[in-house]
Number of protein chains: 2
Amino acid sequence: MKEDPLYKNRKVITIGVVSELTGLSERQIRYYEERKLIFPERTERGNRKYSFSDVERLIDIANKRDEGVRTYEIRQEMLKDKKREDDAKIRNQMLRGQLNARFGIPKGKN
Amino acid sequence: MKEDPLYKNRKVITIGVVSELTGLSERQIRYYEERKLIFPERTERGNRKYSFSDVERLIDIANKRDEGVRTYEIRQEMLKDKKREDDAKIRNQMLRGQLNARFGIPKGKN
DNA sequence: CGTGTAAGGAATTCTGACACG
DNA sequence: CGTGTAAGGAATTCTGACACG
């Protein structure tokens with residue numbers, strides 16, 4: 001979908017730097033992964049790599065945790081948001097399909 | 001000058017990842033720093049951190065090296081480009097100053 | 001000049017576990 | 001549940017140097 005040069009989503013930051021950037025301990029960062037709140041990639045030998053998006057998400061998580069929200073609840077919210085996005089995407093595609101079928105709208109920029 | 005959320009310029013990538021991203025050896029990357037072609041930041045204990053801009057510059061450097069351009073020459077080109085930019089910036093500021101002095105143009109963005 | 005490599009040490013990261021609560 | 005910590009090992013990074021050319 002997105003272009004590759006979206007620096008924001010490229011997983012290139014090691015956990016130590018993420019820890020500095022977010023103020024979270026490495027233990028916390030790894031735990032949030034265990035709870036499926038964050039999904040780093042891995043280097044060949046297993047070192048975690050995060051994107052700027054991940055860093056922002058971690059800051060969000062940290063704020064919610066400060067408010068007392070549990071990791072399970074944070075995950076539920078995430079899944080809800082994801083569902084909304086996916087539904088919106090599907091509605092969009094259906095609309096395009098209809099328009100295209102009836103009027104032969106030339107394919108726009110995605 | 002620029003906003004902080006410019007992911008492109010934030011120095012967060014370790015040399016190992018930069019090596020993967022550019023295909024250059026760590027030795028080469030450190031050498032280009034020695035030759036003042038690249039300027040990573042350092043973590044508290046001395047580990048180098050690079051930005052996406054740095055990665056792109058390194059790829060440029062690698063291409064020029066492949067063409068046989070020497071590091072010294074690459075540096076000269078860099079300095080020339082920098083001077084052009086700086087001169088343009090100054091001309092721009094002078095123009096703003098003139099306009100402002102004569103017509104009191106409200107301060108624009110930057 | 002540009003890059004490879006072996007050297008030795010220090011810092012990083014990883015996993016699984018025990019602890020407290 | 002969420003996080004700290006000590007444990008042991010493996011991988012990372014650093015610097016200064018020798019090598020070749």
# chains A, B, ... in the order shown; residues from 1 in each chain; ligands from 1

$ residues_around --residues "Thr14 of chain A" --least-positions-apart "5" --cutoff "7 Å" --atoms "only C-alpha atoms (C1' of nucleotides)" --output "list in words"
Arg48, Lys49 and Tyr50 of chain A

$ select_by_dssp --residues "chain B" --states "strand (DSSP E)" --output "tab-separated table (two decimals) with N, CA, C and O atoms, in the first residue's frame"
chain	number	residue	atom	x	y	z
B	13	ILE	N	19.75	5.23	14.23
B	13	ILE	CA	20.08	3.92	13.67
B	13	ILE	C	21.53	3.53	13.99
B	13	ILE	O	22.44	4.32	13.78
B	14	THR	N	21.71	2.32	14.51
B	14	THR	CA	23.06	1.87	14.85
B	14	THR	C	23.82	1.44	13.59
B	14	THR	O	23.24	1.17	12.55
B	41	GLU	N	25.72	10.90	15.36
B	41	GLU	CA	25.77	11.30	16.76
B	41	GLU	C	26.29	10.11	17.54
B	41	GLU	O	26.56	9.06	16.98
B	42	ARG	N	26.42	10.30	18.84
B	42	ARG	CA	26.89	9.20	19.69
B	42	ARG	C	25.94	9.00	20.85
B	42	ARG	O	25.36	9.94	21.35
B	48	ARG	N	27.76	4.90	17.72
B	48	ARG	CA	27.30	5.80	16.65
B	48	ARG	C	25.82	5.62	16.35
B	48	ARG	O	25.31	4.50	16.36
B	49	LYS	N	25.15	6.73	16.07
B	49	LYS	CA	23.73	6.69	15.66
B	49	LYS	C	23.56	7.54	14.41
B	49	LYS	O	24.01	8.68	14.36
B	50	TYR	N	22.89	6.95	13.41
B	50	TYR	CA	22.70	7.62	12.11
B	50	TYR	C	21.23	7.88	11.83
B	50	TYR	O	20.35	7.22	12.39

$ closest_atom_pairs --of "chain D" --to "segment 26-40 of chain A" --cutoff "10 Å" --atoms "only C-alpha atoms (C1' of nucleotides)" --output "tab-separated table"
residue	atom	partner	partner_atom	distance
D:DG2	C1'	A:Gln28	CA	8.2
D:DT3	C1'	A:Gln28	CA	6.8
D:DG4	C1'	A:Arg27	CA	8.3

$ closest_residue --among "B:Val17, B:Asn47, B:Tyr7, B:Lys80" --to "chain C" --atoms "only C-alpha atoms (C1' of nucleotides)"
B:Asn47

$ atom_distance --atom1 "atom CA of Arg96 of chain A" --atom2 "atom CA of Met78 of chain A"
27.1 Å

$ atom_distance --atom1 "atom CA of Thr43 of chain A" --atom2 "atom C1' of DC14 of chain C"
12.1 Å

$ atom_distance --atom1 "atom CA of Ile74 of chain A" --atom2 "atom CA of Arg91 of chain A"
26.0 Å

$ closest_atom_pairs --of "chain C" --to "chain A" --cutoff "12 Å" --atoms "only C-alpha atoms (C1' of nucleotides)" --output "CSV"
residue,atom,partner,partner_atom,distance
C:DA11,C1',A:Gly16,CA,10.9
C:DT12,C1',A:Gly16,CA,7.7
C:DT13,C1',A:Asn47,CA,6.6
C:DC14,C1',A:Asn47,CA,7.5
C:DT15,C1',A:Gly46,CA,10.9

$ write_last_selection --atoms "N, CA and C atoms (P, O5', C5', C4', C3', O3' and C1' of nucleotides)" --output "compact mmCIF listing (two decimals), in the first residue's frame"
# COMPACT_ATOMS: atom_id res chain seq x y z
P DA C 11 31.45 -0.03 29.66
O5' DA C 11 30.27 -0.27 28.63
C5' DA C 11 30.31 0.40 27.38
C4' DA C 11 29.21 -0.13 26.49
C3' DA C 11 27.84 -0.19 27.14
O3' DA C 11 26.89 0.29 26.21
C1' DA C 11 28.43 -2.32 26.30
P DT C 12 25.29 0.20 26.49
O5' DT C 12 24.90 -1.09 25.63
C5' DT C 12 25.23 -1.11 24.26
C4' DT C 12 24.46 -2.20 23.57
C3' DT C 12 23.01 -2.33 24.01
O3' DT C 12 22.20 -2.37 22.85
C1' DT C 12 24.11 -4.43 24.19
P DT C 13 20.61 -2.34 22.92
O5' DT C 13 20.28 -3.89 22.89
C5' DT C 13 20.73 -4.67 21.79
C4' DT C 13 20.38 -6.11 22.00
C3' DT C 13 18.99 -6.33 22.61
O3' DT C 13 18.21 -7.09 21.70
C1' DT C 13 20.65 -7.66 23.70
P DC C 14 16.75 -7.60 22.13
O5' DC C 14 17.03 -9.10 22.56
C5' DC C 14 17.88 -9.90 21.75
C4' DC C 14 17.90 -11.31 22.28
C3' DC C 14 16.58 -11.63 22.98
O3' DC C 14 15.92 -12.75 22.47
C1' DC C 14 18.45 -12.06 24.43
P DT C 15 14.40 -12.96 22.98
O5' DT C 15 14.59 -14.18 23.99
C5' DT C 15 15.42 -15.28 23.63
C4' DT C 15 15.59 -16.20 24.82
C3' DT C 15 14.27 -16.50 25.54
O3' DT C 15 14.15 -17.90 25.75
C1' DT C 15 15.87 -15.61 27.07

$ residues_around --residues "DA17 of chain C" --least-positions-apart "4" --cutoff "12 Å" --atoms "only C-alpha atoms (C1' of nucleotides)" --output "MDAnalysis selection string"
chainID D and resid 5:7

$ select_by_dssp --residues "chain A" --states "helix (DSSP H, G or I)" --output "ChimeraX atom specification"
/A:7-9,15-22,26-34,52-66,71-103

$ closest_residue --among "B:Asp66, B:Asp86, B:Glu73, B:Glu20" --to "chain A" --atoms "only C-alpha atoms"
B:Glu20
